[in-house]
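Here the structure is laid out as structure tokens; the discussion comes afterwards.
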Amino acid sequence: MPSAAVSEADRDLLVAAAWLHDIGYAPELRDTGSHPLDGARHLESLGAPARLVRLVAHHSGPCMRQSNAGSRQSWPSMSGKTRRSSTP
């Protein structure tokens, strides 16, 4: 029986995100040093749905880790707009 916690309309999207969330570890996709960002950028370049790109980009809290490290990378925000980390 499917979970009532996830709407039927979102199930396929979440399954896809679960399968693809670590795609940025692929050696040919490594660019920024952050596998969530590299994976999201790759999916975006393939024309993946924006929600899938955002789920992959934010699957492990990478914005917080990158901000703490002082990175100035651009991240797809959960609202769909690209933002920059706040640290120099």
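Residues in the structure tokens are named by chain (A, B, ... in the order shown) and by number from 1 within that chain; ligands are numbered from 1 in the order shown.
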Env of range 14-30 of chain A: 8 Å cut, atoms = only C-alpha atoms, seq-sep filter 5 positions within chain, self excluded. Answer as a short mmCIF file (atom, residue, chain, number, x, y, z; two decimals) with N, CA and C atoms, in the first residue's frame.
data_model
loop_
_atom_site.label_atom_id
_atom_site.label_comp_id
_atom_site.auth_asym_id
_atom_site.auth_seq_id
_atom_site.Cartn_x
_atom_site.Cartn_y
_atom_site.Cartn_z
N HIS A 35 28.88 17.24 -4.74
CA HIS A 35 28.15 16.32 -5.60
C HIS A 35 26.68 16.71 -5.78
N PRO A 36 25.99 17.30 -4.77
CA PRO A 36 24.61 17.71 -5.02
C PRO A 36 24.52 18.79 -6.11
N LEU A 37 25.40 19.76 -6.06
CA LEU A 37 25.39 20.82 -7.06
C LEU A 37 25.78 20.30 -8.43
N ASP A 38 26.81 19.48 -8.50
CA ASP A 38 27.23 18.93 -9.79
C ASP A 38 26.12 18.07 -10.41
N GLY A 39 25.47 17.27 -9.59
CA GLY A 39 24.36 16.45 -10.08
C GLY A 39 23.19 17.30 -10.56
N ALA A 40 22.85 18.33 -9.79
CA ALA A 40 21.74 19.20 -10.17
C ALA A 40 22.05 19.94 -11.48
N HIS A 42 23.97 18.94 -13.87
CA HIS A 42 23.89 17.98 -14.97
C HIS A 42 22.43 17.71 -15.35
N LEU A 52 12.84 18.34 -9.72
CA LEU A 52 13.81 17.26 -9.59
C LEU A 52 15.21 17.84 -9.40
N LEU A 55 15.46 19.11 -5.83
CA LEU A 55 15.56 18.03 -4.84
C LEU A 55 16.95 17.43 -4.81
N VAL A 56 17.56 17.24 -5.97
CA VAL A 56 18.93 16.70 -6.02
C VAL A 56 19.90 17.72 -5.43
N ALA A 57 19.73 18.99 -5.76
CA ALA A 57 20.64 20.02 -5.27
C ALA A 57 20.62 20.15 -3.75
N HIS A 59 19.52 17.74 -1.43
CA HIS A 59 19.21 16.49 -0.72
C HIS A 59 20.01 16.26 0.55
#
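One finds CA of Ser34 in chain A at 18.8 Å from CA of Ala50 in chain A.
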Report summary line: re CA of Ala5 in chain A and CA of Arg41 in chain A: distance 28.6 Å
**Report entry** Expected answer as a VMD selection string: alpha helix (DSSP H) residues in range 26-55 of chain A
**Finding:** chain A and resid 35 to 45 50 to 55
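Relative to CA of Arg11 in chain A, CA of Gly33 in chain A is found at 29.7 Å.
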